[in-house]
>>> print(open('entry.txt').read())   # compact mmCIF, C-alpha atoms
# COMPACT_ATOMS: atom_id res chain seq x y z
CA MET Q 1 86.08 104.35 115.25
CA LYS Q 2 87.41 105.97 118.41
CA ILE Q 3 90.37 108.30 118.48
CA LYS Q 4 91.94 110.40 121.22
CA ILE Q 5 92.24 114.14 120.73
CA LEU Q 6 94.82 116.28 122.56
CA ALA Q 7 94.25 120.04 122.38
CA PHE Q 8 97.00 122.55 123.05
CA GLY Q 9 97.09 126.32 123.61
CA ILE Q 10 94.03 128.21 122.45
CA ALA Q 11 92.61 124.98 120.96
CA ARG Q 12 92.30 123.60 124.50
CA GLU Q 13 90.26 126.64 125.50
CA ILE Q 14 88.06 126.37 122.40
CA CYS Q 15 87.42 122.64 122.87
CA GLY Q 16 86.96 122.97 126.63
CA ALA Q 17 89.33 120.13 127.48
CA ARG Q 18 92.98 119.15 127.16
CA SER Q 19 92.02 115.68 125.93
CA PHE Q 20 88.88 113.89 124.86
CA GLU Q 21 87.75 110.94 122.75
CA MET Q 22 85.83 111.25 119.51
CA ASP Q 23 84.04 108.82 117.22
CA ILE Q 24 84.77 109.37 113.53
CA PRO Q 25 83.91 107.39 110.36
CA GLU Q 26 86.21 104.49 109.43
CA ASP Q 27 87.67 106.05 106.27
CA SER Q 28 88.58 109.40 107.83
CA ASP Q 29 91.74 111.34 107.15
CA SER Q 30 93.28 114.43 108.72
CA GLY Q 31 91.51 116.82 106.33
CA LEU Q 32 88.08 115.38 107.12
CA LEU Q 33 88.83 115.42 110.84
CA LEU Q 34 89.92 119.06 110.74
CA ALA Q 35 86.70 119.94 108.89
CA HIS Q 36 84.65 117.99 111.45
CA LEU Q 37 86.43 119.72 114.34
CA GLY Q 38 85.72 123.06 112.66
CA GLU Q 39 82.00 122.21 112.50
CA GLN Q 40 81.92 121.10 116.13
CA TYR Q 41 84.11 123.97 117.35
CA PRO Q 42 83.59 126.90 114.91
CA GLN Q 43 86.20 129.07 116.66
CA LEU Q 44 88.91 126.67 115.45
CA ARG Q 45 88.15 127.83 111.88
CA GLN Q 46 88.94 131.40 112.93
CA LEU Q 47 92.54 130.59 113.83
CA ALA Q 48 95.18 131.77 111.36
CA ALA Q 49 96.47 128.20 111.05
CA CYS Q 50 95.66 125.00 112.83
CA HIS Q 51 97.57 121.78 112.20
CA LEU Q 52 97.15 118.19 113.30
CA ALA Q 53 99.73 115.67 114.41
CA ILE Q 54 98.87 111.97 114.29
CA ASN Q 55 100.75 109.85 116.81
CA GLU Q 56 103.31 112.65 117.30
CA THR Q 57 103.95 113.15 113.57
CA TYR Q 58 102.75 116.23 111.70
CA SER Q 59 100.06 115.24 109.24
CA HIS Q 60 99.35 116.32 105.70
CA GLU Q 61 95.82 117.14 104.52
CA ASN Q 62 94.95 113.55 103.55
CA THR Q 63 96.87 111.52 106.13
CA PRO Q 64 94.78 108.42 107.01
CA ILE Q 65 93.54 108.01 110.57
CA LYS Q 66 93.20 104.60 112.22
CA ALA Q 67 91.25 103.48 115.27
CA GLY Q 68 93.19 104.19 118.44
CA ASP Q 69 95.29 106.99 116.95
CA THR Q 70 96.12 110.00 119.10
CA ILE Q 71 95.56 113.29 117.32
CA ALA Q 72 97.04 116.57 118.57
CA ILE Q 73 95.44 119.89 117.60
CA LEU Q 74 98.31 122.35 117.17
CA PRO Q 75 97.19 125.99 116.99
CA PRO Q 76 99.44 128.80 115.73
CA VAL Q 77 102.39 129.47 118.01
CA SER Q 78 103.29 132.96 119.12
CA GLY Q 79 106.16 134.15 121.17
CA GLY Q 80 108.65 136.86 121.66
>>> encode(input="entry.txt", output="structure tokens")
Amino acid sequence: MKIKILAFGIAREICGARSFEMDIPEDSDSGLLLAHLGEQYPQLRQLAACHLAINETYSHENTPIKAGDTIAILPPVSGG
């Protein structure tokens, strides 16, 4: 199934794009997607924390993903 990925901050630099589409298996959840993204973009695994939001809602590790969902990769936030 196709989903849309939005990458922010350092995740955008790691993925090489602000947004892109990805095909994932039908029974995927946020944990499997994060693992898949880590395989495709190994530098994401090096971040202190990386979270996903599904359709503008923070996800838990096993949040189901449906075709057409928009997933945001949210890297750690720093500031001063």
>>> closest_residue(input="entry.txt", among="Q:Ile3, Q:Gly9, Q:Asn55, Q:Leu34", to="Met22 (chain Q)", atoms="only C-alpha atoms")
Q:Ile3
>>> residues_around(input="entry.txt", residues="Leu37 (chain Q)", least_positions_apart="2", cutoff="12 Å", atoms="all atoms listed in the file", output="list of chain:residue names")
Q:Ile5, Q:Ala7, Q:Ala11, Q:Ile14, Q:Cys15, Q:Met22, Q:Asp23, Q:Ile24, Q:Ser30, Q:Gly31, Q:Leu32, Q:Leu33, Q:Leu34, Q:Ala35, Q:Glu39, Q:Gln40, Q:Tyr41, Q:Pro42, Q:Gln43, Q:Leu44, Q:Arg45, Q:Cys50, Q:His51, Q:Leu52, Q:Ile71, Q:Ala72, Q:Ile73
>>> closest_residue(input="entry.txt", among="Q:Phe8, Q:Arg18, Q:Ser28, Q:Glu13", to="Thr63 (chain Q)", atoms="all atoms listed in the file")
Q:Ser28
>>> residues_around(input="entry.txt", residues="Thr70 (chain Q)", least_positions_apart="2", cutoff="10 Å", atoms="only C-alpha atoms", output="PDB file with C-alpha atoms, keeping the file's coordinate frame")
ATOM      1  CA  LYS Q   2      87.410 105.970 118.410  1.00  0.00           C
ATOM      2  CA  ILE Q   3      90.370 108.300 118.480  1.00  0.00           C
ATOM      3  CA  LYS Q   4      91.940 110.400 121.220  1.00  0.00           C
ATOM      4  CA  ILE Q   5      92.240 114.140 120.730  1.00  0.00           C
ATOM      5  CA  LEU Q   6      94.820 116.280 122.560  1.00  0.00           C
ATOM      6  CA  SER Q  19      92.020 115.680 125.930  1.00  0.00           C
ATOM      7  CA  GLU Q  21      87.750 110.940 122.750  1.00  0.00           C
ATOM      8  CA  ALA Q  53      99.730 115.670 114.410  1.00  0.00           C
ATOM      9  CA  ILE Q  54      98.870 111.970 114.290  1.00  0.00           C
ATOM     10  CA  ASN Q  55     100.750 109.850 116.810  1.00  0.00           C
ATOM     11  CA  GLU Q  56     103.310 112.650 117.300  1.00  0.00           C
ATOM     12  CA  ILE Q  65      93.540 108.010 110.570  1.00  0.00           C
ATOM     13  CA  LYS Q  66      93.200 104.600 112.220  1.00  0.00           C
ATOM     14  CA  ALA Q  67      91.250 103.480 115.270  1.00  0.00           C
ATOM     15  CA  GLY Q  68      93.190 104.190 118.440  1.00  0.00           C
ATOM     16  CA  ALA Q  72      97.040 116.570 118.570  1.00  0.00           C
TER      17      ALA Q  72
END
>>> closest_residue(input="entry.txt", among="Q:Met1, Q:Pro76, Q:Asp69, Q:Glu61", to="Pro25 (chain Q)", atoms="all atoms listed in the file")
Q:Met1
>>> atom_distance(input="entry.txt", atom1="CA of Ser59 (chain Q)", atom2="CA of Ala17 (chain Q)")
21.7 Å
>>> atom_distance(input="entry.txt", atom1="CA of Ala48 (chain Q)", atom2="CA of Glu26 (chain Q)")
28.8 Å
>>> closest_residue(input="entry.txt", among="Q:Asp27, Q:Leu47, Q:His60, Q:His36", to="Ile10 (chain Q)", atoms="all atoms listed in the file")
Q:Leu47
